[in-house]
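Take a look at the structure set out below.
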Amino acid sequence: PPSLESLHEQLQALSIDDQVPVFPDSNPTSNPVDIFRCVIAHHLAPITGVDIKLVYPALEWTQTLDKGDLILAVPRLRVKGNPTELGKQWVEKFPDSPFLERPKADGTFLRFYFKNSVLNQVVLSSIIKRKQNYGPVNSGKGKRVIVEFSSPNIAKPFHAGHLRSTIIGGFLSSLHEACGWDVVRMNYLGDWGKQFGILGVGFTRFGSEEELVKDPIRHLFDVYVDINAVIEEEKKAEREKLGLPEGAKLKYNGPTDDEARAFFARMEDGDEEALALWKRFRDLSIEKYKDTYARLNIQYDIYSGESQVSKEAMDKATAMMKEKNISEESEGAMIVDFTKHGAKKLGKAIVVKKDGTSLYLTRDIGAAMERYNKYKFDKMIYVVATQQDLHLQQLFKILELLGFEWAGKCQHINFGMVQGMSTRKGTVKFLDDILAEAKERMHEVMKKNEDKYAQVEEPEFIADTVGRSGVMVQDMSGKRINGYTFDIDRMTSFEGDTGPYLQYAHTRVCSILRKADVPMEKIENADLSLLTEPHATNLVRCLAQYPDVLQQTLKTLEPTTVVTYLFKMTHLLSSSYNVLHVLSSEDDVKCARLALYESARIVLNNGMSLLGLVPVERM
Ligand code: ARG
C-alpha cells in the first residue's frame, strides 16, 4: 500500500502542493477529499480544455455513495457539444491514476471512485492524527460573525420559538467557530417596554424579595401574570360601566394600567429608583439564564437587549431616515412606506410613535448600527422565528435604504413552529421545565432495562445529558423551516433517528474500543490495507465526507445537514459490527479494524459536539 509520504510525493509530481491551497476553497491538509479533487481536476483540465480553476469547484460530493465519491455534471463545464458524448470521450482519455479507479460516464455525469487503499490511508490516518480537529477547515480565518440568538423576553414565557433559536443559534455559533470565524454570541433580551412598567407596579404589590432571589425568572413571570389579571379585571369593570362588549378597546384601562404607564415613563425619563428596580430584575434574570444556557453548553459573549440601544443611535437613525426621504409623517407618527421604495410586499411600518417613543423596529435599527460600529462584522445572523420574517425584512430594507454597505451582511435564519410543547404539568413556560421533563422521561426509559441500569455510574447525569440530546436532535432533524410536534416520548426513545440513538451509537463504539484494550500506538500504526471488505470501504468513504458535509453546512446553515450525515454514518457503523469482528480477529486485522472504529468514534464525537451534544461513554 502507498505510504502517506509517497502519496505526497506523487502529488508533488503532479505539481499539486498539498500543503498550500491550490484553489481558493481547497484544503488538502484538512480535507482528504480535496486531494482527490486536485488530482481529478489536474487530469480533467487538459482533457476538457477548461481552466483547472473552473473544473475544481465543479466536482461535487454525493449523498449516496454508489453514485461515486465525486461527480461532475458535464454541462457545468460549458463545453460545446453533446454532454453524453463529451462525457464518454473524457472518460476514455482519462489516464490511469494511483489515486482513482476508472471513472464512469453515466448519461451527462462523470462518476469518480477513489482507490480504497489510498483512501484508507489518507482518510483514517488523517482522522486519527487530527482527532477533534478533523472536519472543519479554516475557511473563516480573519472573519467575524455576530450570531444573535435565543433572545427571550424577561417576565414572559420562554416559548418554543426561543428554544429553537437557542438550539439552532448555538449550533451555528459552534460551526463558525470551528471553521475559524471569530464568533460573537449575543443574546438580545426583550428587556424594555411597557411590560416593565407593569412588572414594576406588580412587584410593589405582589413581589417577594426572597422569591425573587431564589428563582427570578419564575417569580417575575408569576408577578407579571398576577398584575395582568388585576389589569384585566379593571378593564372588564370599565367596559361594564360603559356598557361595551367583551374585548372592546378602551381609552382608559383603569388605575393599575395608568400606574404602569407612569412607571415606564419614569424609566424612560431616567428616574433612578424605577431604573434600579428594573436593573435588578434584569441582572437577576441574566444570572439565572446563564445557568440554564450552560446546561446546553452555551455561553454568551454579550447579554445585550432592547434596553441597551442608545438613544443617540436611534436619533441618528431617525434623522438619517428623514434626511434621505425614507420616512414620512403620518398622523403625527413617523412611518416608512416601503411601497414607495420598491418593496411593495413590506407594506408600511411605524418607526417613531406619536408620543415620540421608539418601537421594536426602531430599536433594532439602532442596535444594528451600534453593532457594526463596535464589531465591524463580516456577517451578522439573526436566529428568529419565521413569524418575524416581515419585521426582519423591513429592518434589512431600512438598513439598505440608509446606504450602509454592510446591510447585505445581515442574514435572517428563520425556522418554523413547534406544536404542542407541553409537559405533564401543563404548557411549558421555562427552558428549565423542558430540560427537567426530558431528563425525567429519559430516566424512566433507562430504568426499564434493569440490568443495564444497575451498571450506570451516574444515572442522574446520564439521564440529563441524554435527555437533552433528545430535545436537541428532535429540533435539528428536519429543515429549519419545517415545524414539528414536540413529542417527548419519541425524542427520548432509543429507536429511530433520535438523540438517544446517537448517544447509544457513541457508547457502543466506545465499548468496543475499551474491550479490545489495544494500545493506541498499535492502532495508529495499523496496516490499513487490510480493510478490504465492502462494509469497511463504505464506512471509510462516509468518514471521508465529513469535512465536505461541514462545508456544505456553512452554505445551508441547516443543522440537519450534519444530523442526517451522522445518522447515515452510524447506520453504516452499526451494520459493520456483525461483519468486521474485533475480538475474534488476528492481531493485524484487529488493529486495522480498531483504527476504523476509532476513526468513526472521532467523527461521531466531533459531529455530536458540534451539534451541542455531550457524547457519553457509558450508559
Ligand atoms: N425578543 C424577541 C421575541 O421574543 C426576539 C428578538 C429577535 N431579535 C431581534 N433583533 N429582533 O419575540
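Just remember, in the C-alpha cells the first chain shown is A, the second B, etc., residues are 1-based per chain, and ligands are 1-based in the order shown.
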
Sel. of alpha helix (DSSP H) residues, range 170-416 of chain A, as a PyMOL selection string: chain A and resi 170-178+194-206+209-214+216-242+255-268+272-295+311-323+360-375+389-401

Taking the backbone alone, and naming residues the way the document does, which bits of range 408-597 of chain A are strand (DSSP E) by DSSP, as a PDB file with C-alpha atoms, in the first residue's frame?
```pdb
ATOM      1  CA  CYS A 410     -27.150  40.742   7.745  1.00  0.00           C
ATOM      2  CA  GLN A 411     -28.982  37.471   7.440  1.00  0.00           C
ATOM      3  CA  HIS A 412     -32.179  36.181   8.978  1.00  0.00           C
ATOM      4  CA  ILE A 413     -32.062  32.496   9.859  1.00  0.00           C
ATOM      5  CA  VAL A 418     -43.142  23.779  17.395  1.00  0.00           C
ATOM      6  CA  GLN A 419     -46.561  22.398  18.213  1.00  0.00           C
ATOM      7  CA  SER A 422     -46.298  20.784  26.989  1.00  0.00           C
ATOM      8  CA  THR A 423     -45.251  18.658  29.903  1.00  0.00           C
ATOM      9  CA  GLY A 426     -49.099  21.712  31.668  1.00  0.00           C
ATOM     10  CA  THR A 427     -47.880  24.041  28.998  1.00  0.00           C
ATOM     11  CA  TYR A 484     -42.577  19.808  14.276  1.00  0.00           C
ATOM     12  CA  THR A 485     -44.652  18.436  17.089  1.00  0.00           C
TER      13      THR A 485
END
```

All residues having an atom within 6 Å of ligand 1 (only C-alpha atoms and all ligand atoms) as a ChimeraX atom specification: /A:151-153,189-190,364,384

Take the selection from the previous step and output its residues with C-alpha atoms, as a CSV table (one decimal), in the first residue's frame.
```csv
chain,number,residue,atom,x,y,z
A,151,SER,CA,-33.3,36.5,22.9
A,152,PRO,CA,-36.2,35.7,25.3
A,153,ASN,CA,-38.4,38.4,26.9
A,189,LEU,CA,-33.1,40.3,25.5
A,190,GLY,CA,-36.6,41.7,25.4
A,364,ASP,CA,-33.4,47.1,16.0
A,384,VAL,CA,-35.5,34.3,14.9
```

Do you have, as JSON lines, the list of residues of range 457-493 of chain A lying at most 10 Å from range 284-299 of chain A, each with its nearest atom pair and that distance in Å to one decimal, counting only C-alpha atoms and ordered by chain then number?
```
{"residue": "A:Asp464", "atom": "CA", "partner": "A:Arg295", "partner_atom": "CA", "distance": 9.2}
{"residue": "A:Thr465", "atom": "CA", "partner": "A:Arg295", "partner_atom": "CA", "distance": 8.8}
{"residue": "A:Arg468", "atom": "CA", "partner": "A:Leu296", "partner_atom": "CA", "distance": 7.6}
{"residue": "A:Ser469", "atom": "CA", "partner": "A:Leu296", "partner_atom": "CA", "distance": 9.3}
{"residue": "A:Met472", "atom": "CA", "partner": "A:Leu296", "partner_atom": "CA", "distance": 9.1}
```

Output N, CA and C atoms for every residue in that selection, as a PDB file, in the first residue's frame.
```
ATOM      1  N   ASP A 464     -29.910  13.227  32.318  1.00  0.00           N
ATOM      2  CA  ASP A 464     -29.969  14.636  31.961  1.00  0.00           C
ATOM      3  C   ASP A 464     -29.312  14.876  30.600  1.00  0.00           C
ATOM      4  N   THR A 465     -28.116  14.317  30.430  1.00  0.00           N
ATOM      5  CA  THR A 465     -27.359  14.542  29.203  1.00  0.00           C
ATOM      6  C   THR A 465     -28.048  13.929  27.978  1.00  0.00           C
ATOM      7  N   ARG A 468     -31.350  15.749  27.157  1.00  0.00           N
ATOM      8  CA  ARG A 468     -31.068  16.988  26.418  1.00  0.00           C
ATOM      9  C   ARG A 468     -30.774  16.686  24.958  1.00  0.00           C
ATOM     10  N   SER A 469     -29.999  15.613  24.719  1.00  0.00           N
ATOM     11  CA  SER A 469     -29.702  15.234  23.339  1.00  0.00           C
ATOM     12  C   SER A 469     -31.003  14.981  22.581  1.00  0.00           C
ATOM     13  N   MET A 472     -32.634  18.240  21.649  1.00  0.00           N
ATOM     14  CA  MET A 472     -31.878  18.985  20.631  1.00  0.00           C
ATOM     15  C   MET A 472     -31.917  18.305  19.273  1.00  0.00           C
TER      16      MET A 472
END
```

Among the residues A:Pro98, A:Gly68, A:Pro32, A:Pro534, the one that comes closest to Ile127 in chain A [using only C-alpha atoms]: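 Comparing A:Pro98, A:Gly68, A:Pro32, A:Pro534 against Ile127 in chain A, the winner is A:Pro32.
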
Mind checking which residues fall within 7 Å of Val147 in chain A, counting only C-alpha atoms, ignoring those fewer than 5 positions away in the same chain, and posting them as an mmCIF file with C-alpha atoms, in the first residue's frame?
```
data_model
loop_
_atom_site.group_PDB
_atom_site.id
_atom_site.type_symbol
_atom_site.label_atom_id
_atom_site.label_comp_id
_atom_site.auth_asym_id
_atom_site.auth_seq_id
_atom_site.Cartn_x
_atom_site.Cartn_y
_atom_site.Cartn_z
ATOM 1 C CA GLY A 169 -28.080 29.597 17.163
ATOM 2 C CA SER A 173 -22.042 29.660 16.535
ATOM 3 C CA VAL A 184 -19.669 36.919 18.955
ATOM 4 C CA ARG A 185 -22.550 35.143 20.686
ATOM 5 C CA MET A 186 -25.200 37.665 21.530
ATOM 6 C CA MET A 380 -24.493 39.058 11.287
ATOM 7 C CA ILE A 381 -27.003 36.285 11.765
ATOM 8 C CA TYR A 382 -30.382 36.801 13.434
#
```

6 Å contact set for range 498-507 of chain A, only C-alpha atoms, chain neighbours under 6 positions out, as a PyMOL selection string: chain A and resi 466+469-470+473+491+617-618

Nearest-residue call for Lys279 in chain A, choices A:Pro157, A:Gly366, A:Gly49, A:Gly200, using only C-alpha atoms: A:Gly200
